[in-house]
file data.pdb (PDB, C-alpha atoms)
MODEL        1
ATOM      1  CA  MET A   1       0.000   0.000   0.000  1.00  0.00           C
ATOM      2  CA  ALA A   2       1.308   3.425  -0.930  1.00  0.00           C
ATOM      3  CA  GLU A   3       2.002   5.738   1.995  1.00  0.00           C
ATOM      4  CA  ASP A   4      -0.559   8.505   2.517  1.00  0.00           C
ATOM      5  CA  SER A   5       1.181  11.843   1.877  1.00  0.00           C
ATOM      6  CA  THR A   6      -1.743  14.030   2.958  1.00  0.00           C
ATOM      7  CA  TYR A   7      -0.613  16.832   5.252  1.00  0.00           C
ATOM      8  CA  GLU A   8      -1.802  16.521   8.857  1.00  0.00           C
ATOM      9  CA  SER A   9      -2.461  19.759  10.734  1.00  0.00           C
ATOM     10  CA  MET A  10      -2.714  20.360  14.473  1.00  0.00           C
ATOM     11  CA  LEU A  11      -5.995  21.871  15.686  1.00  0.00           C
ATOM     12  CA  CYS A  12      -5.828  21.676  19.478  1.00  0.00           C
ATOM     13  CA  VAL A  13      -3.626  20.336  22.309  1.00  0.00           C
ATOM     14  CA  LYS A  14      -4.693  19.925  25.958  1.00  0.00           C
ATOM     15  CA  PRO A  15      -2.172  18.599  28.502  1.00  0.00           C
ATOM     16  CA  GLU A  16      -4.646  16.912  30.838  1.00  0.00           C
ATOM     17  CA  VAL A  17      -7.811  14.914  30.177  1.00  0.00           C
ATOM     18  CA  HIS A  18      -9.490  11.985  31.910  1.00  0.00           C
ATOM     19  CA  VAL A  19     -11.078   8.863  30.438  1.00  0.00           C
ATOM     20  CA  TYR A  20     -14.033   7.068  32.090  1.00  0.00           C
ATOM     21  CA  ARG A  21     -15.746   3.752  31.549  1.00  0.00           C
ATOM     22  CA  ILE A  22     -19.404   4.434  30.974  1.00  0.00           C
ATOM     23  CA  PRO A  23     -22.405   2.150  31.389  1.00  0.00           C
ATOM     24  CA  PRO A  24     -24.487   1.281  28.353  1.00  0.00           C
ATOM     25  CA  ARG A  25     -27.136   3.815  27.510  1.00  0.00           C
ATOM     26  CA  ALA A  26     -30.493   2.551  28.660  1.00  0.00           C
ATOM     27  CA  SER A  27     -32.615   4.999  26.615  1.00  0.00           C
ATOM     28  CA  ASN A  28     -32.368   7.673  23.968  1.00  0.00           C
ATOM     29  CA  ARG A  29     -32.432  10.502  26.491  1.00  0.00           C
ATOM     30  CA  GLY A  30     -28.639  11.021  26.286  1.00  0.00           C
ATOM     31  CA  TYR A  31     -25.614  10.409  28.495  1.00  0.00           C
ATOM     32  CA  ARG A  32     -25.243  11.856  32.000  1.00  0.00           C
ATOM     33  CA  ALA A  33     -21.827  12.403  33.609  1.00  0.00           C
ATOM     34  CA  ALA A  34     -23.373  11.938  37.055  1.00  0.00           C
ATOM     35  CA  ASP A  35     -23.754   8.212  36.233  1.00  0.00           C
ATOM     36  CA  TRP A  36     -20.003   7.814  35.889  1.00  0.00           C
ATOM     37  CA  LYS A  37     -17.437   7.366  38.636  1.00  0.00           C
ATOM     38  CA  LEU A  38     -15.891  10.808  38.175  1.00  0.00           C
ATOM     39  CA  ASP A  39     -13.468  10.392  41.077  1.00  0.00           C
ATOM     40  CA  GLU A  40     -12.038   7.190  39.559  1.00  0.00           C
ATOM     41  CA  PRO A  41     -10.918   7.875  35.955  1.00  0.00           C
ATOM     42  CA  ALA A  42      -9.741   4.849  33.954  1.00  0.00           C
ATOM     43  CA  TRP A  43      -6.909   6.807  32.345  1.00  0.00           C
ATOM     44  CA  SER A  44      -5.401  10.327  32.345  1.00  0.00           C
ATOM     45  CA  GLY A  45      -3.125  11.867  29.779  1.00  0.00           C
ATOM     46  CA  ARG A  46      -2.781  14.378  26.938  1.00  0.00           C
ATOM     47  CA  LEU A  47      -5.287  15.157  24.152  1.00  0.00           C
ATOM     48  CA  LYS A  48      -4.538  16.242  20.592  1.00  0.00           C
ATOM     49  CA  ILE A  49      -6.915  17.094  17.762  1.00  0.00           C
ATOM     50  CA  THR A  50      -5.424  16.787  14.293  1.00  0.00           C
ATOM     51  CA  ALA A  51      -6.920  17.089  10.817  1.00  0.00           C
ATOM     52  CA  LYS A  52      -6.021  15.263   7.639  1.00  0.00           C
ATOM     53  CA  ASP A  53      -7.930  16.488   4.611  1.00  0.00           C
ATOM     54  CA  LYS A  54     -11.610  16.656   5.692  1.00  0.00           C
ATOM     55  CA  LYS A  55     -11.390  14.237   8.620  1.00  0.00           C
ATOM     56  CA  ALA A  56     -10.435  15.128  12.204  1.00  0.00           C
ATOM     57  CA  PHE A  57      -8.814  12.798  14.754  1.00  0.00           C
ATOM     58  CA  ILE A  58      -9.030  12.923  18.545  1.00  0.00           C
ATOM     59  CA  LYS A  59      -5.863  11.334  19.881  1.00  0.00           C
ATOM     60  CA  LEU A  60      -5.245  10.345  23.503  1.00  0.00           C
ATOM     61  CA  GLU A  61      -1.522  10.074  24.250  1.00  0.00           C
ATOM     62  CA  ASP A  62       0.711   9.496  27.211  1.00  0.00           C
ATOM     63  CA  ARG A  63       1.823  12.926  28.437  1.00  0.00           C
ATOM     64  CA  ASN A  64       5.430  11.740  28.998  1.00  0.00           C
ATOM     65  CA  THR A  65       6.206   9.303  26.167  1.00  0.00           C
ATOM     66  CA  GLY A  66       3.606  10.366  23.556  1.00  0.00           C
ATOM     67  CA  GLU A  67       2.441   6.758  23.154  1.00  0.00           C
ATOM     68  CA  LEU A  68      -1.024   6.532  21.583  1.00  0.00           C
ATOM     69  CA  TYR A  69      -3.647   5.228  23.989  1.00  0.00           C
ATOM     70  CA  ALA A  70      -6.777   5.568  21.815  1.00  0.00           C
ATOM     71  CA  GLN A  71      -7.955   7.426  18.714  1.00  0.00           C
ATOM     72  CA  ALA A  72     -11.382   8.592  17.608  1.00  0.00           C
ATOM     73  CA  PRO A  73     -11.826   9.549  13.916  1.00  0.00           C
ATOM     74  CA  VAL A  74     -14.414  12.307  13.411  1.00  0.00           C
ATOM     75  CA  GLU A  75     -16.080  12.767  10.028  1.00  0.00           C
ATOM     76  CA  GLN A  76     -18.731  15.267  11.127  1.00  0.00           C
ATOM     77  CA  TYR A  77     -19.529  17.360  14.184  1.00  0.00           C
ATOM     78  CA  PRO A  78     -21.855  17.183  15.953  1.00  0.00           C
ATOM     79  CA  GLY A  79     -22.316  13.512  15.179  1.00  0.00           C
ATOM     80  CA  ILE A  80     -22.020   9.994  16.509  1.00  0.00           C
ATOM     81  CA  ALA A  81     -18.250  10.235  17.001  1.00  0.00           C
ATOM     82  CA  VAL A  82     -18.487  13.045  19.605  1.00  0.00           C
ATOM     83  CA  GLU A  83     -21.541  13.683  21.794  1.00  0.00           C
ATOM     84  CA  ALA A  84     -21.940  16.062  24.725  1.00  0.00           C
ATOM     85  CA  VAL A  85     -23.550  14.882  27.960  1.00  0.00           C
ATOM     86  CA  THR A  86     -26.808  16.398  29.154  1.00  0.00           C
ATOM     87  CA  ASP A  87     -25.750  17.508  32.648  1.00  0.00           C
ATOM     88  CA  SER A  88     -22.311  19.159  32.174  1.00  0.00           C
ATOM     89  CA  SER A  89     -20.249  21.127  29.642  1.00  0.00           C
ATOM     90  CA  ARG A  90     -16.925  19.515  30.695  1.00  0.00           C
ATOM     91  CA  TYR A  91     -17.739  15.928  29.682  1.00  0.00           C
ATOM     92  CA  PHE A  92     -18.236  14.196  26.316  1.00  0.00           C
ATOM     93  CA  VAL A  93     -18.709  10.695  24.960  1.00  0.00           C
ATOM     94  CA  ILE A  94     -16.378   9.768  22.075  1.00  0.00           C
ATOM     95  CA  ARG A  95     -16.325   6.766  19.785  1.00  0.00           C
ATOM     96  CA  ILE A  96     -12.822   5.229  19.580  1.00  0.00           C
ATOM     97  CA  GLU A  97     -11.613   2.758  16.930  1.00  0.00           C
ATOM     98  CA  ASP A  98      -8.641   0.383  16.856  1.00  0.00           C
ATOM     99  CA  GLY A  99      -8.171   0.368  13.071  1.00  0.00           C
ATOM    100  CA  THR A 100      -9.534  -3.161  12.629  1.00  0.00           C
ATOM    101  CA  GLY A 101     -13.209  -2.208  12.519  1.00  0.00           C
ATOM    102  CA  ARG A 102     -13.847  -2.526  16.262  1.00  0.00           C
ATOM    103  CA  HIS A 103     -15.073   0.503  18.187  1.00  0.00           C
ATOM    104  CA  ALA A 104     -16.129   1.439  21.750  1.00  0.00           C
ATOM    105  CA  PHE A 105     -17.661   4.423  23.558  1.00  0.00           C
ATOM    106  CA  ILE A 106     -15.746   6.034  26.417  1.00  0.00           C
ATOM    107  CA  GLY A 107     -16.284   9.092  28.596  1.00  0.00           C
ATOM    108  CA  LEU A 108     -13.935  12.066  28.191  1.00  0.00           C
ATOM    109  CA  GLY A 109     -13.625  14.782  30.825  1.00  0.00           C
ATOM    110  CA  PHE A 110     -11.659  18.035  31.265  1.00  0.00           C
ATOM    111  CA  ALA A 111     -10.540  19.394  34.606  1.00  0.00           C
ATOM    112  CA  ASP A 112     -10.982  22.996  33.394  1.00  0.00           C
ATOM    113  CA  ARG A 113     -14.087  24.379  31.703  1.00  0.00           C
ATOM    114  CA  GLY A 114     -11.974  26.533  29.354  1.00  0.00           C
ATOM    115  CA  ASP A 115     -10.261  23.377  27.994  1.00  0.00           C
ATOM    116  CA  SER A 116     -13.612  21.822  27.148  1.00  0.00           C
ATOM    117  CA  PHE A 117     -14.633  25.048  25.378  1.00  0.00           C
ATOM    118  CA  ASP A 118     -11.463  24.995  23.237  1.00  0.00           C
ATOM    119  CA  PHE A 119     -12.081  21.336  22.394  1.00  0.00           C
ATOM    120  CA  ASN A 120     -15.573  22.144  21.177  1.00  0.00           C
ATOM    121  CA  VAL A 121     -14.554  25.221  19.149  1.00  0.00           C
ATOM    122  CA  ALA A 122     -11.653  23.416  17.413  1.00  0.00           C
ATOM    123  CA  LEU A 123     -14.009  20.758  16.046  1.00  0.00           C
ATOM    124  CA  GLN A 124     -16.644  23.322  15.034  1.00  0.00           C
ATOM    125  CA  ASP A 125     -14.151  25.484  13.129  1.00  0.00           C
ATOM    126  CA  HIS A 126     -12.710  22.534  11.231  1.00  0.00           C
ATOM    127  CA  PHE A 127     -16.041  21.256   9.975  1.00  0.00           C
ATOM    128  CA  LYS A 128     -17.205  24.758   9.161  1.00  0.00           C
ATOM    129  CA  TRP A 129     -14.187  25.000   6.862  1.00  0.00           C
ATOM    130  CA  VAL A 130     -15.041  21.591   5.377  1.00  0.00           C
ATOM    131  CA  LYS A 131     -18.554  22.800   4.577  1.00  0.00           C
ATOM    132  CA  GLN A 132     -17.278  25.991   2.928  1.00  0.00           C
ATOM    133  CA  GLU A 133     -14.834  24.019   0.795  1.00  0.00           C
ATOM    134  CA  GLY A 134     -17.645  21.706  -0.299  1.00  0.00           C
ATOM    135  CA  ASP A 135     -19.907  24.613  -1.240  1.00  0.00           C
ATOM    136  CA  LEU A 136     -17.106  26.250  -3.224  1.00  0.00           C
ATOM    137  CA  ALA A 137     -16.379  23.018  -5.108  1.00  0.00           C
ATOM    138  CA  LYS A 138     -20.056  22.664  -6.024  1.00  0.00           C
ATOM    139  CA  LEU A 139     -20.174  26.242  -7.260  1.00  0.00           C
ATOM    140  CA  GLU A 140     -17.094  25.794  -9.440  1.00  0.00           C
ATOM    141  CA  ALA A 141     -18.514  22.571 -10.863  1.00  0.00           C
ATOM    142  CA  SER A 142     -21.811  24.246 -11.756  1.00  0.00           C
ATOM    143  CA  GLN A 143     -20.023  27.180 -13.398  1.00  0.00           C
ATOM    144  CA  SER A 144     -17.758  24.923 -15.451  1.00  0.00           C
ATOM    145  CA  SER A 145     -20.710  22.869 -16.723  1.00  0.00           C
ATOM    146  CA  ALA A 146     -22.808  25.929 -17.619  1.00  0.00           C
ATOM    147  CA  PRO A 147     -22.406  27.304 -21.180  1.00  0.00           C
ATOM    148  CA  LYS A 148     -20.154  30.310 -21.322  1.00  0.00           C
ATOM    149  CA  LEU A 149     -21.673  33.614 -22.357  1.00  0.00           C
ATOM    150  CA  ASP A 150     -20.136  35.014 -25.552  1.00  0.00           C
ATOM    151  CA  LEU A 151     -19.868  38.804 -25.247  1.00  0.00           C
ATOM    152  CA  SER A 152     -17.546  39.363 -28.225  1.00  0.00           C
ATOM    153  CA  PHE A 153     -18.564  41.542 -31.181  1.00  0.00           C
ATOM    154  CA  LYS A 154     -19.740  39.755 -34.267  1.00  0.00           C
ATOM    155  CA  GLU A 155     -18.516  40.724 -37.713  1.00  0.00           C
ATOM    156  CA  GLY A 156     -20.045  44.021 -38.762  1.00  0.00           C
ATOM    157  CA  GLN A 157     -21.648  44.622 -35.378  1.00  0.00           C
ATOM    158  CA  THR A 158     -21.361  48.137 -33.950  1.00  0.00           C
ATOM    159  CA  ILE A 159     -22.553  49.951 -30.898  1.00  0.00           C
ATOM    160  CA  LYS A 160     -23.919  53.459 -30.482  1.00  0.00           C
ATOM    161  CA  ILE A 161     -23.114  55.589 -27.466  1.00  0.00           C
ATOM    162  CA  SER A 162     -25.438  58.466 -26.602  1.00  0.00           C
ATOM    163  CA  ILE A 163     -24.028  61.228 -24.437  1.00  0.00           C
ATOM    164  CA  GLY A 164     -26.668  63.454 -22.897  1.00  0.00           C
ATOM    165  CA  ASN A 165     -26.659  66.879 -21.224  1.00  0.00           C
ATOM    166  CA  ILE A 166     -24.672  68.537 -24.017  1.00  0.00           C
ATOM    167  CA  LYS A 167     -26.183  71.775 -25.460  1.00  0.00           C
ATOM    168  CA  LYS A 168     -25.207  73.086 -28.869  1.00  0.00           C
ATOM    169  CA  LYS A 169     -23.894  76.614 -29.058  1.00  0.00           C
ATOM    170  CA  ASP A 170     -26.486  78.967 -30.511  1.00  0.00           C
ATOM    171  CA  ALA A 171     -25.039  80.608 -33.614  1.00  0.00           C
ATOM    172  CA  GLY A 172     -27.492  83.533 -33.370  1.00  0.00           C
ATOM    173  CA  GLY A 173     -26.600  84.215 -29.772  1.00  0.00           C
ATOM    174  CA  ALA A 174     -23.393  86.101 -30.528  1.00  0.00           C
ATOM    175  CA  LYS A 175     -22.919  89.325 -28.605  1.00  0.00           C
ATOM    176  CA  LEU A 176     -23.247  92.615 -30.484  1.00  0.00           C
ATOM    177  CA  ARG A 177     -20.029  94.503 -30.816  1.00  0.00           C
ATOM    178  CA  PRO A 178     -20.119  98.263 -30.064  1.00  0.00           C
ATOM    179  CA  LEU A 179     -20.090 100.542 -33.064  1.00  0.00           C
ATOM    180  CA  GLY A 180     -17.050 102.570 -33.954  1.00  0.00           C
ATOM    181  CA  GLY A 181     -16.493 105.983 -32.484  1.00  0.00           C
ATOM    182  CA  GLY A 182     -17.609 104.992 -28.990  1.00  0.00           C
ATOM    183  CA  LEU A 183     -21.352 105.020 -29.835  1.00  0.00           C
ATOM    184  CA  LEU A 184     -23.569 102.407 -28.201  1.00  0.00           C
ATOM    185  CA  PRO A 185     -26.122 100.430 -30.217  1.00  0.00           C
ATOM    186  CA  PRO A 186     -29.807 101.316 -29.785  1.00  0.00           C
ATOM    187  CA  PRO A 187     -31.576  99.587 -26.868  1.00  0.00           C
ATOM    188  CA  PRO A 188     -33.251  96.237 -27.598  1.00  0.00           C
ATOM    189  CA  GLY A 189     -36.658  96.723 -29.181  1.00  0.00           C
ATOM    190  CA  GLY A 190     -36.086 100.443 -29.709  1.00  0.00           C
ATOM    191  CA  LYS A 191     -35.852 102.388 -32.973  1.00  0.00           C
ATOM    192  CA  ALA A 192     -33.320 104.923 -34.056  1.00  0.00           C
ATOM    193  CA  CYS A 193     -34.505 108.520 -34.197  1.00  0.00           C
ATOM    194  CA  GLY A 194     -36.039 109.222 -37.525  1.00  0.00           C
ATOM    195  CA  GLY A 195     -35.426 105.648 -38.632  1.00  0.00           C
ATOM    196  CA  VAL A 196     -31.867 106.504 -39.712  1.00  0.00           C
ATOM    197  CA  LEU A 197     -28.835 104.945 -38.043  1.00  0.00           C
ATOM    198  CA  PRO A 198     -25.771 107.107 -37.406  1.00  0.00           C
ATOM    199  CA  PRO A 199     -22.928 106.602 -39.856  1.00  0.00           C
ATOM    200  CA  PRO A 200     -20.466 103.936 -38.754  1.00  0.00           C
ATOM    201  CA  GLY A 201     -17.417 106.120 -39.286  1.00  0.00           C
ATOM    202  CA  GLY A 202     -18.042 108.665 -36.527  1.00  0.00           C
ATOM    203  CA  LEU A 203     -20.204 111.667 -35.760  1.00  0.00           C
ATOM    204  CA  GLU A 204     -22.870 112.835 -38.150  1.00  0.00           C
ATOM    205  CA  THR A 205     -21.697 115.678 -40.354  1.00  0.00           C
ATOM    206  CA  LEU A 206     -23.976 118.687 -40.789  1.00  0.00           C
ATOM    207  CA  PRO A 207     -24.332 120.424 -44.148  1.00  0.00           C
ATOM    208  CA  ALA A 208     -22.490 123.686 -44.522  1.00  0.00           C
ATOM    209  CA  ALA A 209     -24.540 126.763 -43.726  1.00  0.00           C
ATOM    210  CA  GLN A 210     -25.744 128.541 -46.854  1.00  0.00           C
ATOM    211  CA  PRO A 211     -25.290 132.312 -46.885  1.00  0.00           C
ATOM    212  CA  SER A 212     -28.560 134.205 -46.971  1.00  0.00           C
ATOM    213  CA  THR A 213     -28.854 137.305 -49.011  1.00  0.00           C
ATOM    214  CA  ALA A 214     -31.978 138.422 -47.181  1.00  0.00           C
ATOM    215  CA  PRO A 215     -31.398 140.686 -44.227  1.00  0.00           C
ATOM    216  CA  LEU A 216     -32.253 139.241 -40.878  1.00  0.00           C
ATOM    217  CA  LEU A 217     -33.895 142.443 -39.708  1.00  0.00           C
ATOM    218  CA  ASP A 218     -35.364 145.265 -41.660  1.00  0.00           C
ATOM    219  CA  LEU A 219     -33.862 148.263 -39.967  1.00  0.00           C
ATOM    220  CA  GLY A 220     -35.072 150.854 -42.481  1.00  0.00           C
ATOM    221  CA  SER A 221     -32.811 153.314 -44.161  1.00  0.00           C
ATOM    222  CA  PRO A 222     -29.142 153.051 -43.523  1.00  0.00           C
ATOM    223  CA  VAL A 223     -27.811 155.215 -40.747  1.00  0.00           C
ATOM    224  CA  ALA A 224     -24.964 157.527 -41.429  1.00  0.00           C
ATOM    225  CA  ALA A 225     -21.683 156.543 -39.973  1.00  0.00           C
ATOM    226  CA  ALA A 226     -21.067 158.027 -36.567  1.00  0.00           C
ATOM    227  CA  GLN A 227     -18.665 160.843 -36.454  1.00  0.00           C
ATOM    228  CA  PRO A 228     -15.764 160.639 -34.184  1.00  0.00           C
ATOM    229  CA  SER A 229     -16.192 162.586 -30.977  1.00  0.00           C
ATOM    230  CA  SER A 230     -13.889 163.665 -28.294  1.00  0.00           C
ATOM    231  CA  ASP A 231     -16.289 162.325 -25.666  1.00  0.00           C
ATOM    232  CA  MET A 232     -15.521 158.591 -25.323  1.00  0.00           C
ATOM    233  CA  TRP A 233     -18.930 157.865 -23.756  1.00  0.00           C
ATOM    234  CA  GLY A 234     -20.882 159.853 -26.293  1.00  0.00           C
ATOM    235  CA  ASP A 235     -21.827 156.852 -28.464  1.00  0.00           C
ATOM    236  CA  PHE A 236     -23.133 154.934 -25.469  1.00  0.00           C
ATOM    237  CA  THR A 237     -25.171 157.904 -24.365  1.00  0.00           C
ATOM    238  CA  SER A 238     -26.752 158.413 -27.759  1.00  0.00           C
ATOM    239  CA  ALA A 239     -27.309 154.732 -28.134  1.00  0.00           C
ATOM    240  CA  GLY A 240     -29.114 154.592 -24.809  1.00  0.00           C
ATOM    241  CA  SER A 241     -31.492 157.397 -25.744  1.00  0.00           C
ATOM    242  CA  ASN A 242     -32.516 155.825 -29.006  1.00  0.00           C
ATOM    243  CA  SER A 243     -32.605 152.231 -27.849  1.00  0.00           C
ATOM    244  CA  ASN A 244     -36.263 152.160 -26.864  1.00  0.00           C
ATOM    245  CA  GLN A 245     -37.399 153.589 -30.167  1.00  0.00           C
ATOM    246  CA  ASP A 246     -35.229 151.259 -32.198  1.00  0.00           C
ATOM    247  CA  ALA A 247     -36.429 148.280 -30.185  1.00  0.00           C
ATOM    248  CA  ALA A 248     -40.018 149.155 -30.756  1.00  0.00           C
ATOM    249  CA  LYS A 249     -39.458 149.415 -34.489  1.00  0.00           C
ATOM    250  CA  SER A 250     -37.445 146.280 -34.809  1.00  0.00           C
ATOM    251  CA  GLY A 251     -39.418 144.097 -32.398  1.00  0.00           C
ATOM    252  CA  TRP A 252     -36.523 143.469 -29.998  1.00  0.00           C
ATOM    253  CA  VAL A 253     -36.975 143.851 -26.256  1.00  0.00           C
ATOM    254  CA  GLN A 254     -34.274 145.376 -24.163  1.00  0.00           C
ATOM    255  CA  PHE A 255     -33.383 143.754 -20.857  1.00  0.00           C
ATOM    256  CA  SER A 256     -32.115 146.117 -18.179  1.00  0.00           C
TER     257      SER A 256
ENDMDL
END

call {"tool": "encode", "arguments": {"input": "data.pdb", "output": "structure tokens"}}
result
Amino acid sequence: MAEDSTYESMLCVKPEVHVYRIPPRASNRGYRAADWKLDEPAWSGRLKITAKDKKAFIKLEDRNTGELYAQAPVEQYPGIAVEAVTDSSRYFVIRIEDGTGRHAFIGLGFADRGDSFDFNVALQDHFKWVKQEGDLAKLEASQSSAPKLDLSFKEGQTIKISIGNIKKKDAGGAKLRPLGGGLLPPPPGGKACGGVLPPPGGLETLPAAQPSTAPLLDLGSPVAAAQPSSDMWGDFTSAGSNSNQDAAKSGWVQFS
């Protein structure tokens, strides 16, 4: 027979446990530690829990020499290989085998409650991992057997991408530039005076004034040129005396 090369891992080690001979179970109500002779254990030694692949092993060894006293293979937990008693959390019933097909049930007890807790948790964690590995293997098998989805492009196949929230620039929305010469455009909706816009080159040019041959005022017959006088205020004096009469004839009003 070829030697088994499967790696064996260590799950738990407790330096002191006790083994008890237990009476046959009379009913299906479960085992009770109070029915055992707890002060007279059949054997005391060291406990190890190891795992090889999916199976766990409870090994009872001599604490000094390491010689194997008994071994209980565990394929599932909780199960028939390990069963807790109904009246205490420190005692269990395990099913040991000798490798030839023979098996027996013995009582297993821990002196400390924390050791029994670690024993329980080590078995729970191992079989939780076994369950997860089994679920993962089933999932991979189902995915490998399922037809693969082909997402590649076929010959001549194209896709169209629509990008929203983009507004086109309005060509008619350009800003008006100010006219030359510093003039501002007419207000929106308004009209230029007279309907004629100012020339773009600058200010509006006015036509040259035409000389008029008609006299502005009809002053009557021409007045003889004033003679020079030695009195420098004489002209102003004479002008003041005749101003009212001239104003009345010409239509002008004098402001004093």

call {"tool": "atom_distance", "arguments": {"input": "data.pdb", "atom1": "CA of Ala34 in chain A", "atom2": "CA of Ser88 in chain A"}}
result
8.8 Å

call {"tool": "resolve_selection", "arguments": {"input": "data.pdb", "expression": "the PyMOL selection byres ((chain A and resi 38) around 10)", "output": "list in words"}}
result
His18, Val19, Tyr20, Arg21, Ala33, Ala34, Asp35, Trp36, Lys37, Asp39, Glu40, Pro41, Ala42, Gly107 and Gly109 of chain A

call {"tool": "write_last_selection", "arguments": {"input": "data.pdb", "atoms": "C-alpha atoms", "output": "short mmCIF file (atom, residue, chain, number, x, y, z; two decimals), in the frame of the given file"}}
result
data_model
loop_
_atom_site.label_atom_id
_atom_site.label_comp_id
_atom_site.auth_asym_id
_atom_site.auth_seq_id
_atom_site.Cartn_x
_atom_site.Cartn_y
_atom_site.Cartn_z
CA HIS A 18 -9.49 11.98 31.91
CA VAL A 19 -11.08 8.86 30.44
CA TYR A 20 -14.03 7.07 32.09
CA ARG A 21 -15.75 3.75 31.55
CA ALA A 33 -21.83 12.40 33.61
CA ALA A 34 -23.37 11.94 37.06
CA ASP A 35 -23.75 8.21 36.23
CA TRP A 36 -20.00 7.81 35.89
CA LYS A 37 -17.44 7.37 38.64
CA ASP A 39 -13.47 10.39 41.08
CA GLU A 40 -12.04 7.19 39.56
CA PRO A 41 -10.92 7.88 35.96
CA ALA A 42 -9.74 4.85 33.95
CA GLY A 107 -16.28 9.09 28.60
CA GLY A 109 -13.62 14.78 30.82
#

call {"tool": "residues_near_point", "arguments": {"input": "data.pdb", "point": "(-3.8, 18.0, 19.6)", "cutoff": "6 Å", "atoms": "all atoms listed in the file", "output": "PyMOL selection string"}}
result
chain A and resi 10-13+47-50

call {"tool": "axis_aligned_box", "arguments": {"input": "data.pdb", "around": "range 112-130 of chain A", "padding_each_side": "3 Å", "output": "lines of an AutoDock Vina configuration file"}}
result
center_x = -13.7
center_y = 23.6
center_z = 19.4
size_x = 12.9
size_y = 11.8
size_z = 34.0

call {"tool": "atom_distance", "arguments": {"input": "data.pdb", "atom1": "CA of Ile22 in chain A", "atom2": "CA of His126 in chain A"}}
result
27.6 Å

call {"tool": "atom_distance", "arguments": {"input": "data.pdb", "atom1": "CA of Leu68 in chain A", "atom2": "CA of Glu97 in chain A"}}
result
12.2 Å

call {"tool": "closest_residue", "arguments": {"input": "data.pdb", "among": "A:Ile159, A:Ala51, A:Ala122, A:Val85", "to": "Ile106 in chain A", "atoms": "all atoms listed in the file"}}
result
A:Val85

call {"tool": "residues_near_point", "arguments": {"input": "data.pdb", "point": "(1.7, 7.5, 28.8)", "cutoff": "12 Å", "atoms": "only C-alpha atoms", "output": "VMD selection string"}}
result
chain A and resid 15 to 16 43 to 47 60 to 70

call {"tool": "closest_residue", "arguments": {"input": "data.pdb", "among": "A:Ser89, A:Gln71, A:Gln132, A:Gln124", "to": "Asp112 in chain A", "atoms": "only C-alpha atoms"}}
result
A:Ser89

call {"tool": "residues_around", "arguments": {"input": "data.pdb", "residues": "Arg90 in chain A", "least_positions_apart": "5", "cutoff": "9 Å", "atoms": "only C-alpha atoms", "output": "JSON, numbers by chain"}}
result
{"A": [84, 85, 108, 109, 110, 111, 112, 113, 114, 115, 116, 117]}

call {"tool": "residues_around", "arguments": {"input": "data.pdb", "residues": "Ile80 in chain A", "least_positions_apart": "6", "cutoff": "9 Å", "atoms": "all atoms listed in the file", "output": "MDAnalysis selection string"}}
result
chainID A and resid 74 94:95

call {"tool": "closest_residue", "arguments": {"input": "data.pdb", "among": "A:Phe57, A:Ser27, A:Gln157, A:Gly101", "to": "Ala81 in chain A", "atoms": "all atoms listed in the file"}}
result
A:Phe57

call {"tool": "closest_residue", "arguments": {"input": "data.pdb", "among": "A:Glu8, A:Glu83, A:Asp53, A:Glu140", "to": "Asn120 in chain A", "atoms": "all atoms listed in the file"}}
result
A:Glu83

call {"tool": "closest_residue", "arguments": {"input": "data.pdb", "among": "A:Thr86, A:Thr100, A:Thr6, A:Asn28", "to": "Lys54 in chain A", "atoms": "only C-alpha atoms"}}
result
A:Thr6

call {"tool": "closest_residue", "arguments": {"input": "data.pdb", "among": "A:Asp87, A:Asp150, A:Ala72, A:Val82", "to": "Arg102 in chain A", "atoms": "only C-alpha atoms"}}
result
A:Ala72
